[in-house]
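K.L.:
Structure file run.txt, compact mmCIF, C-alpha atoms, is pasted below:
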# COMPACT_ATOMS: atom_id res chain seq x y z
CA MET B 3 78.35 103.13 85.77
CA THR B 4 78.94 100.97 88.81
CA GLU B 5 82.47 100.20 89.92
CA ILE B 6 83.15 97.07 91.94
CA ILE B 7 86.16 97.37 94.24
CA VAL B 8 87.59 94.46 96.20
CA VAL B 9 89.51 95.19 99.40
CA THR B 10 91.86 92.26 99.83
CA SER B 11 95.25 91.26 101.26
CA GLY B 12 95.83 87.56 101.65
CA LYS B 13 97.13 87.92 105.17
CA GLY B 14 94.70 88.45 108.03
CA GLY B 15 94.69 91.32 110.49
CA VAL B 16 96.23 93.92 108.20
CA GLY B 17 93.19 96.21 108.11
CA LYS B 18 90.91 95.04 105.31
CA THR B 19 87.68 95.62 107.20
CA THR B 20 88.86 98.93 108.68
CA THR B 21 89.77 100.00 105.16
CA SER B 22 86.51 98.78 103.59
CA ALA B 23 84.51 100.66 106.23
CA SER B 24 86.47 103.89 105.86
CA LEU B 25 86.65 103.90 102.06
CA SER B 26 82.94 103.23 101.75
CA CYS B 27 82.12 106.02 104.22
CA GLY B 28 84.49 108.35 102.40
CA LEU B 29 82.89 107.61 99.02
CA ALA B 30 79.38 108.03 100.45
CA ARG B 31 80.44 111.32 102.01
CA LYS B 32 81.30 112.48 98.50
CA GLY B 33 77.69 111.83 97.56
CA LYS B 34 78.26 108.46 95.91
CA LYS B 35 75.76 105.67 96.40
CA VAL B 36 77.77 102.91 98.04
CA ALA B 37 77.15 99.32 99.11
CA VAL B 38 79.76 97.55 101.21
CA ILE B 39 79.56 93.75 101.38
CA ASP B 40 81.16 91.45 103.95
CA PHE B 41 82.42 88.31 102.16
CA ASP B 42 83.79 86.70 105.32
CA ILE B 43 81.16 83.99 105.63
CA GLY B 44 81.11 82.48 109.11
CA LEU B 45 83.16 85.32 110.60
CA ARG B 46 80.98 88.41 110.20
CA ASN B 47 82.78 91.55 111.39
CA LEU B 48 82.13 94.47 109.06
CA ASP B 49 78.82 95.12 110.87
CA LEU B 50 80.72 95.72 114.14
CA ILE B 51 83.21 98.09 112.55
CA MET B 52 80.33 99.95 110.88
CA GLY B 53 78.40 99.98 114.17
CA CYS B 54 75.26 98.34 112.79
CA GLU B 55 75.59 94.87 114.34
CA ARG B 56 72.26 95.09 116.16
CA ARG B 57 70.40 95.94 112.99
CA VAL B 58 71.36 92.83 111.04
CA VAL B 59 68.21 90.86 110.28
CA PHE B 60 69.05 89.24 106.95
CA ASP B 61 72.46 88.64 105.43
CA PHE B 62 74.27 88.02 102.13
CA VAL B 63 73.54 84.28 102.08
CA ASN B 64 69.83 84.89 102.89
CA VAL B 65 69.63 87.02 99.75
CA ILE B 66 71.42 84.43 97.63
CA GLN B 67 69.18 81.64 98.90
CA GLY B 68 66.03 83.70 98.36
CA ASP B 69 65.02 83.92 102.04
CA CYS B 70 64.55 87.66 101.64
CA THR B 71 64.91 90.42 99.08
CA LEU B 72 68.13 92.38 98.66
CA LYS B 73 66.31 95.51 99.88
CA GLN B 74 65.40 93.76 103.14
CA ALA B 75 69.00 92.73 103.75
CA LEU B 76 70.69 96.06 102.96
CA ILE B 77 71.28 98.01 106.16
CA LYS B 78 71.06 101.75 105.62
CA ASP B 79 73.78 103.64 107.45
CA LYS B 80 72.53 106.05 110.13
CA ARG B 81 75.23 108.66 109.46
CA LEU B 82 75.45 108.73 105.69
CA GLU B 83 72.36 108.87 103.46
CA THR B 84 73.79 106.93 100.52
CA LEU B 85 75.62 104.14 102.32
CA TYR B 86 74.38 100.56 102.71
CA VAL B 87 75.89 97.52 104.41
CA LEU B 88 75.31 93.88 103.49
CA ALA B 89 76.36 91.65 106.38
CA ALA B 90 78.07 88.28 106.02
CA SER B 91 76.21 85.18 107.07
CA GLN B 92 77.29 83.38 110.23
CA THR B 93 76.67 79.99 108.66
CA ARG B 94 79.41 77.38 108.82
CA ASP B 95 78.46 76.09 105.40
CA LYS B 96 81.37 77.06 103.18
CA ASP B 97 79.38 76.41 100.02
CA ALA B 98 76.71 78.95 100.87
CA LEU B 99 78.37 81.48 98.58
CA THR B 100 78.22 80.61 94.90
CA THR B 101 79.56 82.43 91.86
CA GLU B 102 76.06 82.69 90.38
CA GLY B 103 74.58 83.84 93.69
CA VAL B 104 77.17 86.60 94.05
CA ARG B 105 76.67 87.61 90.43
CA LYS B 106 72.91 87.90 90.99
CA VAL B 107 73.34 90.19 94.02
CA LEU B 108 75.91 92.38 92.28
CA ASP B 109 73.72 92.66 89.17
CA GLU B 110 70.80 93.79 91.30
CA LEU B 111 72.94 96.44 93.01
CA ILE B 112 74.13 97.64 89.61
CA ALA B 113 70.52 97.82 88.38
CA ASP B 114 69.67 99.81 91.55
CA GLY B 115 72.10 102.51 90.47
CA PHE B 116 74.86 102.06 93.03
CA ASP B 117 78.03 103.98 92.11
CA TYR B 118 80.38 101.79 94.10
CA ILE B 119 80.23 98.28 95.49
CA LEU B 120 83.00 97.48 97.95
CA CYS B 121 83.72 93.82 98.58
CA ASP B 122 85.42 93.24 101.93
CA SER B 123 87.40 90.05 101.34
CA PRO B 124 88.16 87.47 104.02
CA ALA B 125 91.81 86.58 104.68
CA GLY B 126 93.34 83.64 102.87
CA ILE B 127 92.84 82.41 99.33
CA GLU B 128 89.80 80.20 99.83
CA LYS B 129 86.37 80.50 98.27
CA GLY B 130 85.26 83.68 100.06
CA ALA B 131 88.40 85.54 99.01
CA HIS B 132 88.10 84.16 95.50
CA LEU B 133 84.47 85.29 95.13
CA ALA B 134 85.16 88.70 96.68
CA MET B 135 87.66 89.44 93.91
CA TYR B 136 86.04 87.55 91.03
CA PHE B 137 83.79 90.34 89.71
CA ALA B 138 86.02 93.26 90.69
CA ASP B 139 86.93 96.14 88.39
CA ARG B 140 89.51 97.42 90.82
CA ALA B 141 91.40 96.02 93.79
CA VAL B 142 92.74 97.76 96.86
CA VAL B 143 95.45 95.48 98.23
CA VAL B 144 95.95 96.27 101.90
CA VAL B 145 99.51 95.63 103.05
CA ASN B 146 101.51 96.13 106.23
CA PRO B 147 105.17 97.07 105.80
CA GLU B 148 106.18 93.64 107.02
CA VAL B 149 107.60 90.58 105.21
CA SER B 150 104.72 88.12 105.50
CA SER B 151 102.11 90.68 104.51
CA VAL B 152 104.11 91.81 101.46
CA ARG B 153 104.66 88.25 100.29
CA ASP B 154 100.97 87.36 100.71
CA SER B 155 99.99 90.50 98.82
CA ASP B 156 102.11 89.39 95.90
CA ARG B 157 100.32 86.06 95.95
CA ILE B 158 96.98 87.90 95.85
CA LEU B 159 98.22 90.01 92.92
CA GLY B 160 98.89 86.76 91.07
CA LEU B 161 95.31 85.64 91.71
CA LEU B 162 93.88 89.01 90.66
CA ALA B 163 95.75 88.62 87.39
CA SER B 164 94.38 85.16 86.68
CA LYS B 165 91.32 84.20 88.74
CA THR B 166 88.96 87.09 88.06
CA GLU B 167 86.28 87.52 85.45
CA ARG B 168 88.17 90.43 83.91
CA ALA B 169 91.34 88.33 83.65
CA GLU B 170 89.47 85.36 82.19
CA LYS B 171 87.63 87.46 79.62
CA GLY B 172 90.77 89.41 78.85
CA ASN B 173 89.11 92.82 79.08
CA GLY B 174 91.94 94.76 80.61
CA GLY B 175 92.21 92.91 83.90
CA VAL B 176 91.59 94.31 87.36
CA LYS B 177 93.13 97.70 88.16
CA GLU B 178 95.26 97.22 91.27
CA HIS B 179 96.26 99.67 93.99
CA LEU B 180 98.31 99.32 97.15
CA LEU B 181 97.21 100.72 100.48
CA LEU B 182 99.76 100.58 103.28
CA THR B 183 98.48 100.44 106.83
CA ARG B 184 100.16 100.62 110.26
CA TYR B 185 102.93 102.74 108.80
CA SER B 186 105.41 104.20 111.23
CA PRO B 187 107.60 106.95 109.70
CA ARG B 188 109.75 106.91 112.82
CA ARG B 189 110.58 103.22 112.45
CA VAL B 190 111.17 103.64 108.72
CA ALA B 191 113.64 106.44 109.46
CA ALA B 192 115.36 104.17 111.98
CA GLY B 193 115.75 101.45 109.34
CA GLU B 194 113.42 99.15 111.25
CA MET B 195 110.51 99.12 108.81
CA LEU B 196 110.11 98.76 105.05
CA SER B 197 109.41 102.15 103.47
CA VAL B 198 106.60 103.04 101.04
CA ALA B 199 109.23 103.06 98.28
CA ASP B 200 110.47 99.59 99.27
CA VAL B 201 107.00 98.03 99.19
CA LYS B 202 106.16 99.83 95.96
CA GLU B 203 109.35 98.54 94.36
CA ILE B 204 108.90 94.94 95.48
CA LEU B 205 105.25 94.71 94.43
CA GLY B 206 105.49 97.05 91.45
CA LEU B 207 102.22 98.85 92.12
CA ASP B 208 101.02 102.36 92.71
CA VAL B 209 100.20 103.41 96.24
CA ILE B 210 96.71 104.81 96.77
CA GLY B 211 97.14 105.49 100.46
CA VAL B 212 99.44 105.26 103.44
CA ILE B 213 97.70 104.98 106.79
CA PRO B 214 99.85 105.80 109.80
CA GLU B 215 99.99 103.48 112.79
CA SER B 216 97.63 104.97 115.36
CA THR B 217 95.68 104.19 118.50
CA ASP B 218 92.70 105.91 116.83
CA VAL B 219 91.94 102.75 114.83
CA LEU B 220 91.19 100.70 117.95
CA THR B 221 89.25 103.55 119.52
CA ALA B 222 87.11 103.79 116.39
CA SER B 223 86.40 100.06 116.26
CA ASN B 224 85.53 100.08 119.96
CA ALA B 225 82.87 102.67 119.21
CA GLY B 226 81.64 101.20 115.92
CA THR B 227 82.46 104.40 114.06
CA PRO B 228 84.59 103.98 110.94
CA VAL B 229 87.86 105.76 111.70
CA ILE B 230 87.53 108.08 108.68
CA LEU B 231 84.67 109.81 110.53
CA ASN B 232 86.96 110.75 113.44
CA GLU B 233 87.70 114.20 112.06
CA ASP B 234 90.77 115.09 114.09
CA SER B 235 92.74 111.95 113.41
CA ASP B 236 95.67 111.59 110.98
CA VAL B 237 94.21 108.21 110.04
CA SER B 238 90.99 109.90 108.97
CA GLU B 239 92.88 112.39 106.82
CA ALA B 240 94.97 109.61 105.28
CA TYR B 241 91.82 107.64 104.37
CA THR B 242 90.16 110.79 103.05
CA ASP B 243 93.17 111.28 100.74
CA ALA B 244 92.91 107.66 99.62
CA VAL B 245 89.23 108.20 98.70
CA GLU B 246 90.19 111.28 96.66
CA ARG B 247 92.82 109.23 94.82
CA LEU B 248 90.27 106.48 94.17
CA LEU B 249 88.11 109.16 92.56
CA GLY B 250 91.04 110.19 90.39
CA THR B 251 92.47 113.24 92.17
CA GLU B 252 96.26 113.31 92.35
CA LEU B 253 97.50 114.12 95.83
CA PRO B 254 100.94 113.89 97.41
CA LEU B 255 101.32 111.25 100.15
CA ARG B 256 101.05 112.58 103.69
CA PHE B 257 102.11 111.12 107.05
CA VAL B 258 105.09 109.34 105.48
CA ASP B 259 107.83 111.50 106.98
CA GLU B 260 108.91 111.58 110.57
CA GLN B 261 107.50 114.54 112.49
CA LYS B 262 110.38 116.21 114.23
CA LYS B 263 109.30 117.30 117.66
CA GLY B 264 110.06 120.84 118.66
CA PHE B 265 112.05 121.76 121.72
CA PHE B 266 109.03 122.32 123.95
CA ALA B 267 107.27 119.18 122.78
CA ARG B 268 110.37 117.18 123.62
CA MET B 269 110.74 118.81 127.02
CA PHE B 270 107.12 118.42 128.02
CA GLY B 271 106.25 115.28 126.07
CA GLY B 272 103.64 117.03 123.94
CA MET N 21 119.57 106.55 112.36
CA GLY N 22 121.78 108.02 115.04
CA LEU N 23 125.52 108.16 115.46
CA MET N 24 125.49 104.54 116.57
CA ALA N 25 124.55 103.47 113.06
CA LEU N 26 128.07 104.36 111.97
CA PHE N 27 129.44 101.68 114.23
CA ARG N 28 126.77 99.11 113.50
CA ARG N 29 128.07 95.99 111.82
CA THR N 30 124.78 94.46 110.73
CA PRO N 31 122.66 96.25 108.11
CA PRO N 32 119.34 97.77 109.24
CA SER N 33 116.62 95.11 109.53
CA ALA N 34 114.47 96.82 106.90
CA THR N 35 117.27 96.36 104.35
CA VAL N 36 117.45 92.67 105.21
CA ALA N 37 113.66 92.39 104.87
CA LYS N 38 113.70 94.06 101.47
CA GLU N 39 116.46 91.79 100.16
CA ARG N 40 114.71 88.64 101.39
CA LEU N 41 111.42 89.75 99.87
CA ARG N 42 112.99 90.64 96.57
CA ILE N 43 114.37 87.10 96.22
CA ILE N 44 111.32 85.17 97.38
CA VAL N 45 108.87 87.29 95.38
CA ALA N 46 110.90 86.87 92.20
CA GLN N 47 111.12 83.13 92.77
CA GLU N 48 107.39 82.78 93.41
CA ARG N 49 106.48 84.92 90.43
CA SER N 50 108.53 82.74 88.10
CA SER N 51 106.63 79.62 89.12
CA ARG N 52 103.27 81.41 89.08
CA GLY N 53 100.76 80.43 86.45
CA GLY N 54 102.35 77.03 85.96
CA PRO N 55 100.34 73.91 86.68
CA ASP N 56 100.10 72.77 90.31
CA TYR N 57 101.82 69.45 89.61
CA LEU N 58 105.10 71.14 88.66
CA PRO N 59 106.90 70.84 92.02
CA MET N 60 105.89 67.18 92.30
CA LEU N 61 106.99 66.49 88.73
CA ARG N 62 110.31 68.11 89.46
CA ARG N 63 110.81 66.00 92.58
CA GLU N 64 110.06 62.75 90.80
CA ILE N 65 112.29 63.51 87.83
CA MET N 66 114.98 64.35 90.33
CA GLU N 67 114.61 60.94 91.99
CA VAL N 68 114.85 59.10 88.68
CA ILE N 69 117.98 60.98 87.63
CA ARG N 70 119.58 60.38 90.98
CA LYS N 71 119.28 56.64 90.45
CA TYR N 72 121.87 56.94 87.70
CA VAL N 73 123.83 60.13 88.27
CA LYS N 74 124.82 61.98 91.36
CA VAL N 75 123.36 65.46 90.93
CA GLU N 76 122.84 68.42 93.21
CA PRO N 77 119.29 69.03 94.57
CA ASP N 78 118.93 72.16 92.44
CA ALA N 79 120.29 70.56 89.26
CA VAL N 80 116.83 69.94 87.79
CA LYS N 81 114.96 72.96 86.49
CA VAL N 82 111.40 72.63 85.27
CA HIS N 83 109.80 75.51 83.49
CA VAL N 84 106.56 76.02 81.61
CA GLU N 85 106.59 78.49 78.77
CA ARG N 86 103.28 79.82 77.49
CA GLU N 87 103.17 80.10 73.75
CA LYS N 88 100.32 80.78 71.38
CA GLY N 89 97.96 77.83 71.48
CA HIS N 90 100.21 75.53 73.46
CA ASP N 91 102.48 75.29 76.51
CA VAL N 92 106.08 74.15 76.35
CA LEU N 93 107.53 72.16 79.23
CA GLU N 94 111.22 72.87 79.52
CA LEU N 95 113.47 70.56 81.47
CA SER N 96 117.08 71.27 82.10
CA VAL N 97 119.41 69.08 84.12
CA SER N 98 122.94 70.12 84.83
CA LEU N 99 125.13 67.05 85.21
CA PRO N 100 128.31 67.13 87.24
CA GLY N 101 131.53 67.74 85.29
CA LYS N 102 133.87 64.88 84.37
CA GLY N 103 136.31 65.73 87.06
CA GLY N 104 133.63 66.10 89.76
For this file, write the structure as structure tokens.

P.N.:
Amino acid sequence: MTEIIVVTSGKGGVGKTTTSASLSCGLARKGKKVAVIDFDIGLRNLDLIMGCERRVVFDFVNVIQGDCTLKQALIKDKRLETLYVLAASQTRDKDALTTEGVRKVLDELIADGFDYILCDSPAGIEKGAHLAMYFADRAVVVVNPEVSSVRDSDRILGLLASKTERAEKGNGGVKEHLLLTRYSPRRVAAGEMLSVADVKEILGLDVIGVIPESTDVLTASNAGTPVILNEDSDVSEAYTDAVERLLGTELPLRFVDEQKKGFFARMFGG
Amino acid sequence: MGLMALFRRTPPSATVAKERLRIIVAQERSSRGGPDYLPMLRREIMEVIRKYVKVEPDAVKVHVEREKGHDVLELSVSLPGKGG
């Protein structure tokens, strides 16, 4: 059984690609066969975050247009045996992606026995975003605890409930989850940032992960190593928890409360 | 929140954010799923009514109700009272 998961948000820059990269690594690390697809046609970036940018020969649109086989375009990850990346095309032709083309590629991945297909959606609500969510079974809606991101997420939830194959066919709809990124427990405690509970209440969805604000995310993208693989980072642990929850394990949320510094840490800035 | 919070007159910014979001999200959800021409339709109806009666900008409410097999377009216009 293959599960197709779209990672989406509406708003740009909230951490969709970071999340796609880390969730796919996390699932592959659990032994699942995973393909992660960049739907941001014209603005390819997942390859950089995954650290395979120099190994892109063929892309998503090449497969759709029959320039190569799917096997030729899938980039096998060098760290994880069962992980494959399909890069976005750099074409400026917005019509390069078609519903039937995407369906064909997904069907082939399903026939190949992939357990999970992650669709990294572009920002906005244009064609790329629409096609990234269209065939999804589940959606991870990435949201920052900030007004514009929350509002855009609600807009995306509306689209998930109407403009997907599952919604159109009426077979249960897409299962939706929230994933909060750039969360600062300190600012929440100071009343300067929306809390997990606030966002959950406004959007009315379950939270599958809360990723703390951290400099580790930039460091990881600089290196082309998905941040989940940086073992001694809170961000890595938070993403690892999110993967467990995706797989159905119930875990309490971590990194949501302010860490009180001890006396020595305060004195010496530890 | 430190001791200063006790003396603060304005509510914390996160509370303001939550309140604003609650209102806008509810408003946008209520118009979701309706046809795209709804806002335009509302504006034009508004203009026609204003030719004859002086009404407030928010006096015209247009709403689409989904029912089995068909949609119902609901229009409600609140006219100013006799004294007003």

K.L.:
Might you pull out every residue within 8 Å of segment 62-67 of chain B, with only C-alpha atoms counted and same-chain residues fewer than 3 positions away left off, and present them as a list in words?

P.N.:
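Final neighbour list, sorted by chain and number: Ile39, Asp40, Cys70, Thr71, Leu72, Ala75, Leu88, Ala89, Ala90, Ser91, Ala98, Leu99, Gly103, Val104, Lys106 and Val107 of chain B.
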
K.L.:
With a distance cut-off of 9 Å and all atoms listed in the file, select the neighbouring residues of Asp79 of chain B, excluding the residue or stretch itself and same-chain residues fewer than 3 positions from it, and output the selection as a PyMOL selection string.

P.N.:
chain B and resi 52-54+82-87

K.L.:
For the selection just defined, write its residues with C-alpha atoms to a file, as a PDB file, in the frame of the given file.

P.N.:
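Okay, again-v2.pdb is ready:
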ATOM      1  CA  MET B  52      80.330  99.950 110.880  1.00  0.00           C
ATOM      2  CA  GLY B  53      78.400  99.980 114.170  1.00  0.00           C
ATOM      3  CA  CYS B  54      75.260  98.340 112.790  1.00  0.00           C
ATOM      4  CA  LEU B  82      75.450 108.730 105.690  1.00  0.00           C
ATOM      5  CA  GLU B  83      72.360 108.870 103.460  1.00  0.00           C
ATOM      6  CA  THR B  84      73.790 106.930 100.520  1.00  0.00           C
ATOM      7  CA  LEU B  85      75.620 104.140 102.320  1.00  0.00           C
ATOM      8  CA  TYR B  86      74.380 100.560 102.710  1.00  0.00           C
ATOM      9  CA  VAL B  87      75.890  97.520 104.410  1.00  0.00           C
TER      10      VAL B  87
END

K.L.:
Please, which residues in chain N fall within 7 Å of chain B when counting only C-alpha atoms, and what is the closest atom pair and distance in Å to one decimal for each, ordered by chain then residue number, as a Markdown table?

P.N.:
| residue | atom | partner | partner_atom | distance |
| --- | --- | --- | --- | --- |
| N:Met21 | CA | B:Ala192 | CA | 4.9 |
| N:Pro32 | CA | B:Gly193 | CA | 5.1 |
| N:Ser33 | CA | B:Glu194 | CA | 5.4 |
| N:Ala34 | CA | B:Met195 | CA | 5.0 |
| N:Ala37 | CA | B:Val149 | CA | 6.3 |
| N:Lys38 | CA | B:Asp200 | CA | 6.8 |
| N:Leu41 | CA | B:Val149 | CA | 6.6 |
| N:Arg42 | CA | B:Ile204 | CA | 6.0 |
| N:Val45 | CA | B:Arg153 | CA | 6.5 |

K.L.:
Report the distance between atom CA of Ser216 of chain B and atom CA of Ser186 of chain B in Å, rounded to one decimal place.

P.N.:
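Value for the atom CA of Ser216 of chain B-atom CA of Ser186 of chain B distance: 8.8 Å.
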
K.L.:
As a list in words, please: the residues near segment 218-231 of chain B (cut-off 6 Å, only C-alpha atoms, same-chain neighbours under 4 positions excluded).

P.N.:
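Listing them by chain and then by number gives Ala23, Ser24, Leu50, Ile51, Met52, Gly53 and Ser238 of chain B.
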
K.L.:
Which distance in Å separates atom CA of Val258 of chain B and atom CA of Val245 of chain B, to one decimal?

P.N.:
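Those two atoms sit 17.3 Å apart.
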
K.L.:
Find the residues around Asp122 of chain B up to 7 Å (only C-alpha atoms counted), leave out those fewer than 2 positions away in its own chain, and share them as a list in words.

P.N.:
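Once the nearby chain positions are removed, what remains is Val8, Val9, Thr10, Lys18, Thr19, Ser22, Ile39, Asp40, Phe41, Leu120, Pro124 and Ala134 of chain B.
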
K.L.:
As a list in words, please: the residues near Glu167 of chain B (cut-off 8 Å, only C-alpha atoms, same-chain neighbours under 2 positions excluded).

P.N.:
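Final neighbour list, sorted by chain and number: Tyr136, Phe137, Ala138, Lys165, Ala169, Glu170 and Lys171 of chain B.
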
K.L.:
Using only C-alpha atoms, find the one residue out of B:Gly126, B:Gly250, B:Gly211, B:Gly172 that sits nearest to Thr21 of chain B.

P.N.:
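Between B:Gly126, B:Gly250, B:Gly211, B:Gly172, the residue approaching Thr21 of chain B most closely is B:Gly211.
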
K.L.:
Under the rule that all atoms listed in the file are counted, which of B:Lys202, B:Gly28, B:Gly12, B:Ser235 is the nearest residue to Ile158 of chain B?

P.N.:
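Distance minimum relative to Ile158 of chain B lands on B:Gly12.
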
K.L.:
Just the number, please: distance in Å from atom CA of Glu5 of chain B to atom CA of Asp109 of chain B, one decimal.

P.N.:
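That distance, rounded to one decimal, is 11.6 Å.
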
K.L.:
The residues within 7 Å of (98.0, 95.7, 101.8), using only C-alpha atoms and the coordinates of the file, should be reported as a VMD selection string; which are they?

P.N.:
chain B and resid 11 16 143 to 146 155 180 to 183

K.L.:
Residues around (99.3, 104.8, 101.0), cut-off 9 Å, counting only C-alpha atoms - what are they as a VMD selection string?

P.N.:
chain B and resid 180 to 183 185 198 208 to 214 240 to 241 243 to 244 255 to 256 258

K.L.:
Identify which of the residues N:Arg49, N:Ser96, N:Arg40, N:Lys88 lies closest to Ile65 of chain N, counting all atoms listed in the file when measuring atom-to-atom distances.

P.N.:
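Of N:Arg49, N:Ser96, N:Arg40, N:Lys88, the one nearest Ile65 of chain N, counting all atoms listed in the file, is N:Ser96.
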
K.L.:
Missing atoms in segment 50-66 of chain N should be modelled up to N, CA and C atoms and reported as a short mmCIF file (atom, residue, chain, number, x, y, z; two decimals), in the coordinates of the input.

P.N.:
data_model
loop_
_atom_site.label_atom_id
_atom_site.label_comp_id
_atom_site.auth_asym_id
_atom_site.auth_seq_id
_atom_site.Cartn_x
_atom_site.Cartn_y
_atom_site.Cartn_z
N SER N 50 108.09 83.53 89.25
CA SER N 50 108.53 82.74 88.10
C SER N 50 107.79 81.41 88.01
N SER N 51 107.34 80.91 89.18
CA SER N 51 106.63 79.62 89.12
C SER N 51 105.12 79.82 89.04
N ARG N 52 104.69 81.11 89.11
CA ARG N 52 103.27 81.41 89.08
C ARG N 52 102.67 81.11 87.71
N GLY N 53 101.43 80.66 87.72
CA GLY N 53 100.76 80.43 86.45
C GLY N 53 101.03 79.05 85.89
N GLY N 54 102.06 78.39 86.40
CA GLY N 54 102.35 77.03 85.96
C GLY N 54 101.37 76.08 86.63
N PRO N 55 101.26 74.87 86.08
CA PRO N 55 100.34 73.91 86.68
C PRO N 55 100.79 73.50 88.09
N ASP N 56 99.82 73.09 88.91
CA ASP N 56 100.10 72.77 90.31
C ASP N 56 101.01 71.55 90.48
N TYR N 57 101.04 70.69 89.46
CA TYR N 57 101.82 69.45 89.61
C TYR N 57 103.32 69.66 89.39
N LEU N 58 103.70 70.89 89.00
CA LEU N 58 105.10 71.14 88.66
C LEU N 58 106.12 70.77 89.75
N PRO N 59 105.90 71.19 90.99
CA PRO N 59 106.90 70.84 92.02
C PRO N 59 107.04 69.33 92.20
N MET N 60 105.89 68.63 92.15
CA MET N 60 105.89 67.18 92.30
C MET N 60 106.63 66.52 91.13
N LEU N 61 106.34 67.00 89.95
CA LEU N 61 106.99 66.49 88.73
C LEU N 61 108.50 66.64 88.85
N ARG N 62 108.89 67.82 89.31
CA ARG N 62 110.31 68.11 89.46
C ARG N 62 110.96 67.13 90.44
N ARG N 63 110.28 66.90 91.55
CA ARG N 63 110.81 66.00 92.58
C ARG N 63 110.99 64.59 92.05
N GLU N 64 109.98 64.11 91.30
CA GLU N 64 110.06 62.75 90.80
C GLU N 64 111.14 62.58 89.72
N ILE N 65 111.25 63.55 88.86
CA ILE N 65 112.29 63.51 87.83
C ILE N 65 113.67 63.46 88.50
N MET N 66 113.77 64.27 89.51
CA MET N 66 114.98 64.35 90.33
C MET N 66 115.36 62.97 90.87
#
